[in-house]
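Heads up: the structure comes next, in structure tokens.
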Amino acid sequence: MNTRPAAPVHFKLVVDSGDPHAQADFWAAALGYEAEDNSALVRRLLQLGALPAEAAVDHHGRPAFRDLIAVRHPDDPYDADSGTGLGRRLLFQRVPEAKTGKNRLHLDLHPGDGRRDGEVERLEGLGASVLRRVKEPAGEWVVMADPEGNEFCVH
């Protein structure tokens, strides 16, 4: 029995958010990614009546989906018609409830040798907070939280 898919599976990481646009701005700045520009698709859907006006917001001077926005790696391909990334992406989706427990999945950021402290300081300037500093035989890292409390590590 072959347990591998016929081709590699394309995926995105989806993050529940209270304010997806603020989270997208934070993570785009944190990772050097770009917020996806879905404005052409949103305009088209609004004009067709397929998207109600209340399902759209203004984000940085462009119409955007109210309840979701993604960030993508700037070097990865994307669909020019929809603005949707076709590579490495984080999608932030609005949920009504706040985060209540520890993440079961998190990002590890690797800024490079000797750059951890500077990166932690930069991320704090973007709105992240330090939860704890870890020093173990396996290595050292800093556990941080993004503006909505999602944990991530800086190695």
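Ordering of the structure tokens sets the chain letters (A, B, ...), residue numbers begin anew at 1 in every chain, and ligands are numbered from 1 in the order given.
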Near-A:Leu86 list (7 Å; only C-alpha atoms; drop same-chain fewer than 6 positions) as an MDAnalysis selection string: chainID A and resid 76:79
Identify, on the basis of only C-alpha atoms, every residue whose closest approach to stretch 125-130 of chain A does not exceed 10 Å; exclude the query and any residue fewer than 2 positions from it along the same chain; express the result as number ranges by chain. A: 25-27, 29-30, 119-123, 132-133, 142-154
Write the residues you've just listed into a file as a compact mmCIF listing (two decimals), in the first residue's frame, and include N, CA, C and O atoms for each of them.
```
# COMPACT_ATOMS: atom_id res chain seq x y z
N ASP A 25 -0.76 42.19 9.58
CA ASP A 25 0.25 43.25 9.58
C ASP A 25 1.43 42.88 10.46
O ASP A 25 2.59 43.07 10.08
N PHE A 26 1.15 42.34 11.67
CA PHE A 26 2.24 41.95 12.57
C PHE A 26 3.10 40.87 11.93
O PHE A 26 4.32 41.00 11.86
N TRP A 27 2.48 39.79 11.45
CA TRP A 27 3.26 38.67 10.93
C TRP A 27 3.95 39.00 9.61
O TRP A 27 5.04 38.51 9.34
N ALA A 29 5.25 41.90 8.93
CA ALA A 29 6.45 42.63 9.38
C ALA A 29 7.43 41.70 10.07
O ALA A 29 8.64 41.79 9.87
N ALA A 30 6.92 40.78 10.88
CA ALA A 30 7.79 39.86 11.62
C ALA A 30 8.59 38.96 10.69
O ALA A 30 9.78 38.71 10.91
N GLU A 119 16.61 40.35 17.14
CA GLU A 119 15.32 39.99 16.55
C GLU A 119 14.22 40.05 17.60
O GLU A 119 13.11 40.53 17.34
N VAL A 120 14.51 39.58 18.81
CA VAL A 120 13.53 39.65 19.90
C VAL A 120 13.17 41.11 20.16
O VAL A 120 11.98 41.45 20.30
N GLU A 121 14.14 41.97 20.20
CA GLU A 121 13.89 43.40 20.42
C GLU A 121 13.04 43.99 19.28
O GLU A 121 12.09 44.76 19.52
N ARG A 122 13.35 43.63 18.04
CA ARG A 122 12.57 44.12 16.89
C ARG A 122 11.13 43.65 16.98
O ARG A 122 10.18 44.43 16.77
N LEU A 123 10.93 42.37 17.33
CA LEU A 123 9.58 41.82 17.44
C LEU A 123 8.80 42.46 18.58
O LEU A 123 7.60 42.70 18.47
N ARG A 132 9.21 33.87 28.05
CA ARG A 132 10.31 33.31 28.85
C ARG A 132 11.51 33.06 27.96
O ARG A 132 11.39 32.92 26.75
N ARG A 133 12.66 33.00 28.60
CA ARG A 133 13.91 32.67 27.92
C ARG A 133 14.29 31.26 28.37
O ARG A 133 14.26 30.96 29.56
N VAL A 142 13.97 31.97 22.79
CA VAL A 142 13.07 32.85 23.52
C VAL A 142 11.65 32.53 23.09
O VAL A 142 11.36 32.50 21.89
N VAL A 143 10.79 32.26 24.07
CA VAL A 143 9.38 32.01 23.80
C VAL A 143 8.69 33.38 23.86
O VAL A 143 8.81 34.10 24.86
N MET A 144 7.99 33.71 22.78
CA MET A 144 7.31 35.00 22.68
C MET A 144 5.83 34.78 22.39
O MET A 144 5.42 33.66 22.05
N ALA A 145 5.06 35.86 22.49
CA ALA A 145 3.65 35.84 22.11
C ALA A 145 3.40 36.98 21.14
O ALA A 145 3.91 38.09 21.33
N ASP A 146 2.61 36.70 20.10
CA ASP A 146 2.24 37.77 19.17
C ASP A 146 1.18 38.66 19.83
O ASP A 146 0.80 38.40 20.98
N PRO A 147 0.72 39.71 19.18
CA PRO A 147 -0.23 40.62 19.84
C PRO A 147 -1.53 39.98 20.33
O PRO A 147 -2.18 40.54 21.21
N GLU A 148 -1.91 38.82 19.81
CA GLU A 148 -3.11 38.14 20.30
C GLU A 148 -2.79 36.98 21.24
O GLU A 148 -3.67 36.22 21.62
N GLY A 149 -1.52 36.83 21.63
CA GLY A 149 -1.14 35.82 22.59
C GLY A 149 -0.72 34.49 22.03
O GLY A 149 -0.46 33.54 22.79
N ASN A 150 -0.61 34.35 20.72
CA ASN A 150 -0.14 33.09 20.12
C ASN A 150 1.36 32.97 20.32
O ASN A 150 2.12 33.85 19.97
N GLU A 151 1.77 31.82 20.90
CA GLU A 151 3.18 31.61 21.19
C GLU A 151 3.98 31.30 19.93
O GLU A 151 3.49 30.64 19.02
N PHE A 152 5.22 31.75 19.92
CA PHE A 152 6.20 31.38 18.91
C PHE A 152 7.57 31.47 19.55
O PHE A 152 7.72 32.03 20.63
N CYS A 153 8.56 30.88 18.91
CA CYS A 153 9.91 30.86 19.47
C CYS A 153 10.89 31.54 18.52
O CYS A 153 10.75 31.44 17.30
N VAL A 154 11.88 32.18 19.11
CA VAL A 154 12.97 32.77 18.35
C VAL A 154 14.24 32.05 18.77
O VAL A 154 14.60 32.07 19.95
```
Any idea what's packed within 8 Å of A:Arg116, counting only C-alpha atoms, ignoring anything in its chain fewer than 6 positions away? Could you give it as a list of chain:residue names?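 Near A:Arg116, the qualifying residues are A:His110, A:Trp141, A:Val154, A:His155.
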So which one's closest to A:Lys99, A:Pro5, A:Pro52, A:Gly18, A:Gly139? Using only C-alpha atoms, please.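 Closest to A:Lys99 of all the choices is A:Gly18.
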Spatial neighbours of A:Leu45, 12 Å, only C-alpha atoms, chain gap at least 6 places, as JSON, numbers by chain: {"A": [38, 39, 51, 52, 53, 55, 56, 63, 64, 65, 82]}
Would you give me, as a VMD selection string, the residues in chain A that DSSP reads as strand (DSSP E)? chain A and resid 13 to 17 34 to 35 56 to 59 62 to 65 68 to 72 89 to 94 107 to 109 129 to 136 139 to 145 151 to 154
For A:Ala22, which residue out of A:Leu48, A:Ala7, A:Ala40, A:Ile69 is the nearest one, using only C-alpha atoms?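 Under the stated criterion, the closest residue is A:Ile69.
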Just to confirm, what's the straight-line distance from atom CA of A:Pro111 to atom CA of A:Glu34 in Å (one decimal)? 17.8 Å
